[in-house]
Amino acid sequence: GQQLNQSPQSMFIQEGEDVSMNCTSSSIFNTWLWYKQDPGEGPVLLIALYKAGELTSNGRLTAQFGITRKDSFLNISASIPSDVGIYFCAGHGLGYGGSQGNLIFGKGTKLSVKP
Amino acid sequence: DSGVTQTPKHLITATGQRVTLRCSPRSGDLSVYWYQQSLDQGLQFLIHYYNGEERAKGNILERFSAQQFPDLHSELNLSSLELGDSALYFCASSERGRPTNEKLFFGSGTQLSVL
């Protein structure tokens, strides 16, 4: 089935640093979504991307829908302590029915503060 | 607050038992999705209901079932519980019935512990 490979699995940040993470797939996706999950909470939608090449910002967050439609990245600029959490990419594949076309999630990138 | 309400927040039960998880979607949303989140598998799509009808099934076990009622709330029933069913169960909702290009909004989840 369709799978998303998200990297890195984890990273440590220092306040003020820029952060990058990405997601790749072996198949084409119609939509890319980026979510953030805090402990004990559900994923919260950060950015939604609908067209290949689309670049969208939400405050200090910027995400892009790859031209090949098989990848997406998320950048966080000038990170702050509250950016800590787990970031998930998610995508809608082609077609619909069965398990197709539903939102598929990457395994997440865990952002922690550098000790 | 996403507007999606899930109850209970925590559930502790024993193997072999049956439990029911409840979800109320955002006002105006007709679709409800159930996801299971475990440490090793990430967020896995279980099932999707739209306006009372099942639309798609993912990796949902036969011991699990769901339904969506006329008032659009949904219940996920888990029976003959096993230790491996311990996980976070999330409900999400969206406005329409075809998830492609839809934004999914997640509840805070139900943490199920099977002892």
# chains A, B, ... in the order shown; residues from 1 in each chain; ligands from 1
call {"tool": "interface_residues", "arguments": {"of": "chain B", "to": "chain A", "cutoff": "10 Å", "atoms": "only C-alpha atoms", "output": "number ranges by chain"}}
result
B: 1-2, 4, 9, 33, 35, 39-48, 55-59, 88-92, 98-111
call {"tool": "residues_around", "arguments": {"residues": "segment 64-79 of chain A", "least_positions_apart": "5", "cutoff": "6 Å", "atoms": "only C-alpha atoms", "output": "PyMOL selection string"}}
result
chain A and resi 15-25+28-29+52-55
call {"tool": "write_last_selection", "arguments": {"atoms": "all heavy atoms", "output": "compact mmCIF listing (two decimals), in the first residue's frame"}}
result
# COMPACT_ATOMS: atom_id res chain seq x y z
N GLU A 15 16.80 27.29 20.59
CA GLU A 15 15.95 28.42 20.30
C GLU A 15 16.62 29.33 19.27
O GLU A 15 17.81 29.64 19.38
CB GLU A 15 15.65 29.20 21.59
CG GLU A 15 14.60 30.28 21.40
CD GLU A 15 14.13 30.85 22.73
OE1 GLU A 15 14.51 30.31 23.78
OE2 GLU A 15 13.38 31.85 22.70
N GLY A 16 15.86 29.70 18.27
CA GLY A 16 16.39 30.58 17.23
C GLY A 16 16.85 29.86 15.97
O GLY A 16 17.03 30.50 14.93
N GLU A 17 17.04 28.55 16.07
CA GLU A 17 17.50 27.78 14.91
C GLU A 17 16.35 27.56 13.93
O GLU A 17 15.18 27.52 14.31
CB GLU A 17 18.03 26.41 15.35
CG GLU A 17 19.40 26.43 15.98
CD GLU A 17 19.87 25.03 16.36
OE1 GLU A 17 19.04 24.11 16.44
OE2 GLU A 17 21.08 24.89 16.57
N ASP A 18 16.72 27.37 12.65
CA ASP A 18 15.76 26.95 11.64
C ASP A 18 15.73 25.43 11.60
O ASP A 18 16.74 24.76 11.82
CB ASP A 18 16.13 27.49 10.27
CG ASP A 18 16.05 29.02 10.20
OD1 ASP A 18 15.44 29.62 11.11
OD2 ASP A 18 16.59 29.59 9.24
N VAL A 19 14.56 24.89 11.30
CA VAL A 19 14.36 23.44 11.30
C VAL A 19 13.77 23.00 9.96
O VAL A 19 12.92 23.71 9.41
CB VAL A 19 13.38 23.05 12.43
CG1 VAL A 19 12.98 21.59 12.34
CG2 VAL A 19 13.98 23.36 13.79
N SER A 20 14.23 21.87 9.47
CA SER A 20 13.67 21.33 8.22
C SER A 20 13.36 19.85 8.39
O SER A 20 14.14 19.12 8.98
CB SER A 20 14.68 21.44 7.07
OG SER A 20 14.58 22.69 6.47
N MET A 21 12.24 19.43 7.84
CA MET A 21 11.89 18.02 7.82
C MET A 21 11.19 17.74 6.50
O MET A 21 10.66 18.66 5.87
CB MET A 21 11.02 17.64 9.02
CG MET A 21 9.72 18.38 9.08
SD MET A 21 8.89 18.18 10.69
CE MET A 21 9.82 19.31 11.72
N ASN A 22 11.21 16.46 6.09
CA ASN A 22 10.56 16.18 4.82
C ASN A 22 9.89 14.82 4.81
O ASN A 22 10.10 13.99 5.71
CB ASN A 22 11.57 16.29 3.67
CG ASN A 22 12.60 15.19 3.72
OD1 ASN A 22 12.36 14.05 3.34
ND2 ASN A 22 13.77 15.51 4.22
N CYS A 23 9.13 14.63 3.78
CA CYS A 23 8.33 13.42 3.63
C CYS A 23 8.40 12.99 2.18
O CYS A 23 8.27 13.82 1.28
CB CYS A 23 6.88 13.78 3.97
SG CYS A 23 6.08 12.57 4.98
N THR A 24 8.61 11.70 1.95
CA THR A 24 8.65 11.20 0.58
C THR A 24 7.76 9.98 0.46
O THR A 24 7.51 9.26 1.44
CB THR A 24 10.08 10.82 0.15
OG1 THR A 24 10.57 9.80 1.03
CG2 THR A 24 11.00 12.03 0.18
N SER A 25 7.33 9.76 -0.77
CA SER A 25 6.48 8.60 -1.05
C SER A 25 6.88 7.98 -2.37
O SER A 25 7.43 8.66 -3.24
CB SER A 25 5.02 9.06 -1.11
OG SER A 25 4.22 8.01 -1.61
N ILE A 28 2.25 8.83 -6.04
CA ILE A 28 1.80 10.23 -6.14
C ILE A 28 0.71 10.53 -5.12
O ILE A 28 -0.18 9.71 -4.89
CB ILE A 28 1.27 10.49 -7.56
CG1 ILE A 28 2.44 10.49 -8.55
CG2 ILE A 28 0.52 11.81 -7.64
CD1 ILE A 28 2.00 10.56 -9.99
N PHE A 29 0.79 11.71 -4.53
CA PHE A 29 -0.24 12.16 -3.61
C PHE A 29 -0.93 13.40 -4.17
O PHE A 29 -0.31 14.24 -4.81
CB PHE A 29 0.37 12.45 -2.23
CG PHE A 29 0.55 11.20 -1.42
CD1 PHE A 29 1.58 10.32 -1.69
CD2 PHE A 29 -0.33 10.90 -0.39
CE1 PHE A 29 1.73 9.14 -0.96
CE2 PHE A 29 -0.18 9.74 0.35
CZ PHE A 29 0.85 8.87 0.06
N ALA A 52 0.88 20.67 -6.93
CA ALA A 52 2.31 20.45 -7.09
C ALA A 52 3.02 21.80 -7.22
O ALA A 52 2.58 22.67 -7.98
CB ALA A 52 2.58 19.59 -8.31
N GLY A 53 4.11 21.96 -6.47
CA GLY A 53 4.87 23.21 -6.50
C GLY A 53 4.38 24.26 -5.53
O GLY A 53 5.07 25.26 -5.29
N GLU A 54 3.23 24.05 -4.93
CA GLU A 54 2.65 25.05 -4.03
C GLU A 54 3.54 25.25 -2.82
O GLU A 54 4.04 24.30 -2.23
CB GLU A 54 1.26 24.57 -3.59
CG GLU A 54 0.53 25.53 -2.66
CD GLU A 54 -0.84 25.01 -2.25
OE1 GLU A 54 -1.27 23.98 -2.81
OE2 GLU A 54 -1.46 25.62 -1.36
N LEU A 55 3.73 26.52 -2.48
CA LEU A 55 4.51 26.91 -1.30
C LEU A 55 3.58 27.73 -0.42
O LEU A 55 3.04 28.73 -0.85
CB LEU A 55 5.71 27.74 -1.72
CG LEU A 55 6.73 28.12 -0.63
CD1 LEU A 55 7.54 26.91 -0.21
CD2 LEU A 55 7.66 29.21 -1.16
call {"tool": "residues_around", "arguments": {"residues": "Asp83 of chain A", "least_positions_apart": "5", "cutoff": "9 Å", "atoms": "only C-alpha atoms", "output": "count of residues only"}}
result
4
call {"tool": "select_by_dssp", "arguments": {"residues": "chain B", "states": "strand (DSSP E or B)", "output": "count of residues only"}}
result
60
call {"tool": "atom_distance", "arguments": {"atom1": "atom CA of Thr109 of chain A", "atom2": "atom CA of Gln14 of chain A"}}
result
15.8 Å
call {"tool": "atom_distance", "arguments": {"atom1": "atom CA of Ser113 of chain B", "atom2": "atom CA of Val19 of chain B"}}
result
10.9 Å
call {"tool": "residues_around", "arguments": {"residues": "Cys23 of chain B", "least_positions_apart": "5", "cutoff": "7 Å", "atoms": "only C-alpha atoms", "output": "list in words"}}
result
Thr5, Gln6, Thr7, His73, Ser74, Glu75 and Cys91 of chain B
call {"tool": "write_last_selection", "arguments": {"atoms": "C-alpha atoms", "output": "tab-separated table (two decimals), in the first residue's frame"}}
result
chain	number	residue	atom	x	y	z
B	5	THR	CA	-15.10	15.67	21.03
B	6	GLN	CA	-13.99	12.24	22.14
B	7	THR	CA	-14.96	10.35	25.27
B	73	HIS	CA	-21.84	11.08	16.31
B	74	SER	CA	-19.87	7.87	15.92
B	75	GLU	CA	-18.92	4.97	18.12
B	91	CYS	CA	-11.51	10.36	15.77
call {"tool": "closest_residue", "arguments": {"among": "A:Lys110, A:Gln3, A:Phe12, A:Ser26", "to": "Tyr87 of chain A", "atoms": "only C-alpha atoms"}}
result
A:Lys110
